[in-house]
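Below is one structure, written out as structure tokens, with a few remarks after it.
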Amino acid sequence: MPDIDFQFKSDTVCCISDIHIGVHQNSQMWLDICEQWGDWLISELKNKQIKDIIICGDLFHYRDEVAVNTIHYASKFMKKFKDFNIIMLVGNHDAYYKDRSDVNSLTIFSGWSNVYIVDCNVQTVTHGDKKISFVPWGIKSKDIPKSDIILGHFEIENFHMNGHFVCKHGVRPSDLLKKSDLVISGHFHKRDQREYSNGTIQYLGNPYQMDFGDAGQTKGYYLLDITNKQLEFTENIQSPTHQKILLSDLVNDCDITKQTIKRIQNNIVRFIVDKNISPDEMDQLLRVLSKYKPLTISTDYNINFDKFGLEDGDADLSGVSIEHAIEEFVNLLDVENKQKIIDYTTNLYNKCK
């Protein structure tokens with residue numbers, strides 16, 4: 001592949017991925033969260049004198065259509081980064097088609113002087129003595145040239161798709177490591193680094209928590225030193241996190257502790273009702289929790305599941321987790337592809353709850 005007309009301004013570049021502008025039905029709250037994160041990142045990079053950014057796919061969330069308010073916001077958001085040199089790869093959420101990236105939402109930034117879009121072909125840059133290849137969604141591993149560093153939007157088998165599932169298909173790690181001993185990828189939202197005998201694969205993860213599937217995970221950005229091929233992670237401590245507060249823990253503590261208050265303030269809270277409580281007590285407790293100013297608070301009842309009536313009898317799923325209930329229920333059904341149904345339904349639950 002010929003080199004593209006793009007030059008990094010320094011040896012160290014910022015690597016991020018999976019911003020997903022428009023997530024959660026183009027919610028204004030989530031657009032605000034993205035803006036606050038963007039302002040924080042700009043401040044961080046300017047303080048560290050970083051002038052180059054690589055976005056490894058999925059700037060947008062919805063692939064088939066992008067809402068007008070999201071387009072409007074995305075334009076304002078990217079203008080905030082006018083002082084940075086940016087390479088953007090098309091991810092699967094940016095691409096209209098499932099297996100190719102030539103038709104994509106990133107075309108609205110075509111012609112911007114500080115933005116270079118990598119869409120339907122592998123593109124390469126030479127920086128010093130290092131050859132760096134950029135790989136958009138839909139490119140087969142056989143079409144990737146041998147490089148010192150590869151950055152892409154890959155679906156790699158045996159890596160965590162999120163906090164619950166491991167990818168059982170996709171490109172083999174060995175096929176990518178034949179092309180480079182350092183592969184950096186977007187796509188999966190869980191940060192994950194694997195060291196192999198012939199190289200390293202690093203999933204960047206999303207830059208801030210986006211649903212309860214991300215709960216408990218550390219998010220942030222990476223700095224890549226091109227000269228020595230080293231990555232340095234910086235944690236995002238600015239954005240709200242997803243917190244599950246259990247009623248049983250509050251009962252055991254006999255109070256709302258300072259630690260619990262810290263978890264609630266300015267965060268997205270799911271109050272798990274895992275003990276019996278009267279409606280009046282529940283209302284009073286929610287009012288108390290709301291005084292600590294969560295960004296949002298909702299409830300999830302995790303007790304006394306009803307029995308599912310089936311032809312062969314009732315299946316008692318009381319007292320188990322919802323994920324386990326889904327698995328048990330699907331296994332009791334007379335349907336094909338049970339594991340696929342379990343994986344899809346559980347993943348959907350963890351994203352939407």
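Just so we're on the same page: first chain in the structure tokens is A, next is B, and so on; residues restart at 1 for each chain, and ligands are numbered from 1 in the order they show up.
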
If you count only C-alpha atoms, which residues fall within 7 Å of segment 297-302 of chain A, apart from same-chain ones fewer than 6 positions away, as a PyMOL selection string? chain A and resi 268-274+321

List the spatial neighbours of segment 130-134 of chain A as a PyMOL selection string - criterion: any atom at most 8 Å away, only C-alpha atoms, same-chain residues fewer than 4 positions off excluded. chain A and resi 89+118+122-126+144-145+147-152+226-227

Strand (DSSP E or B) call set, DSSP backbone run, segment 68-270 of chain A, as an NGL selection string: :A and (85-89 or 95 or 104 or 115-118 or 123-127 or 130-135 or 149-153 or 156 or 160 or 166 or 171 or 182-186 or 192-196 or 199-203 or 220-225 or 230-235 or 242-246 or 268-270)

Find the residues near Gln217 of chain A: any atom within 9 Å, counting only C-alpha atoms, skip ones fewer than 5 places away on the same chain, and give them as a short mmCIF file (atom, residue, chain, number, x, y, z; two decimals) with N, CA and C atoms, in the first residue's frame.
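Full text of out.cif as output:
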```
data_model
loop_
_atom_site.label_atom_id
_atom_site.label_comp_id
_atom_site.auth_asym_id
_atom_site.auth_seq_id
_atom_site.Cartn_x
_atom_site.Cartn_y
_atom_site.Cartn_z
N GLY A 163 -18.09 -7.16 29.29
CA GLY A 163 -17.76 -7.78 30.55
C GLY A 163 -18.31 -9.18 30.74
N LYS A 190 -14.46 -3.53 26.04
CA LYS A 190 -13.66 -3.88 27.22
C LYS A 190 -12.17 -3.75 26.87
N ARG A 191 -11.45 -2.93 27.64
CA ARG A 191 -10.00 -2.85 27.44
C ARG A 191 -9.38 -4.22 27.68
N GLN A 209 -17.83 4.81 30.37
CA GLN A 209 -18.85 3.78 30.50
C GLN A 209 -20.14 4.23 29.81
N THR A 241 -19.97 7.05 36.08
CA THR A 241 -19.87 5.59 36.01
C THR A 241 -21.22 4.97 36.34
#
```

Skipping near chain neighbours, those fewer than 2 positions away, what residues fall within 12 Å of Trp112 of chain A using only C-alpha atoms, listed as a PyMOL selection string? chain A and resi 75+78-79+81-88+106-110+114-117

Emit the selected residues as a JSON list (two decimals), in the first residue's frame, including C-alpha atoms.
```json
[["chain", "number", "residue", "atom", "x", "y", "z"],
["A", 75, "SER", "CA", -19.95, 18.74, 13.98],
["A", 78, "MET", "CA", -15.17, 17.73, 16.15],
["A", 79, "LYS", "CA", -14.62, 21.49, 15.80],
["A", 81, "PHE", "CA", -10.48, 19.35, 18.14],
["A", 82, "LYS", "CA", -9.49, 21.82, 15.40],
["A", 83, "ASP", "CA", -5.98, 22.15, 16.82],
["A", 84, "PHE", "CA", -5.31, 18.42, 16.52],
["A", 85, "ASN", "CA", -4.17, 16.28, 13.62],
["A", 86, "ILE", "CA", -6.78, 13.47, 13.39],
["A", 87, "ILE", "CA", -6.98, 10.13, 11.61],
["A", 88, "MET", "CA", -10.43, 8.51, 11.81],
["A", 106, "LEU", "CA", -17.77, 9.90, 8.53],
["A", 107, "THR", "CA", -18.05, 11.42, 5.05],
["A", 108, "ILE", "CA", -19.57, 14.54, 6.66],
["A", 109, "PHE", "CA", -16.00, 15.36, 7.76],
["A", 110, "SER", "CA", -14.52, 14.96, 4.28],
["A", 114, "ASN", "CA", -7.19, 18.51, 10.12],
["A", 115, "VAL", "CA", -9.09, 15.24, 9.55],
["A", 116, "TYR", "CA", -8.07, 12.24, 7.42],
["A", 117, "ILE", "CA", -10.70, 9.51, 6.99]]
```

Which residues, written as a ChimeraX atom specification, have at least one atom at most 9 Å from Asp343 of chain A, with only C-alpha atoms counted and residues fewer than 4 positions away on the same chain left out? /A:165,327,338-339,347-348
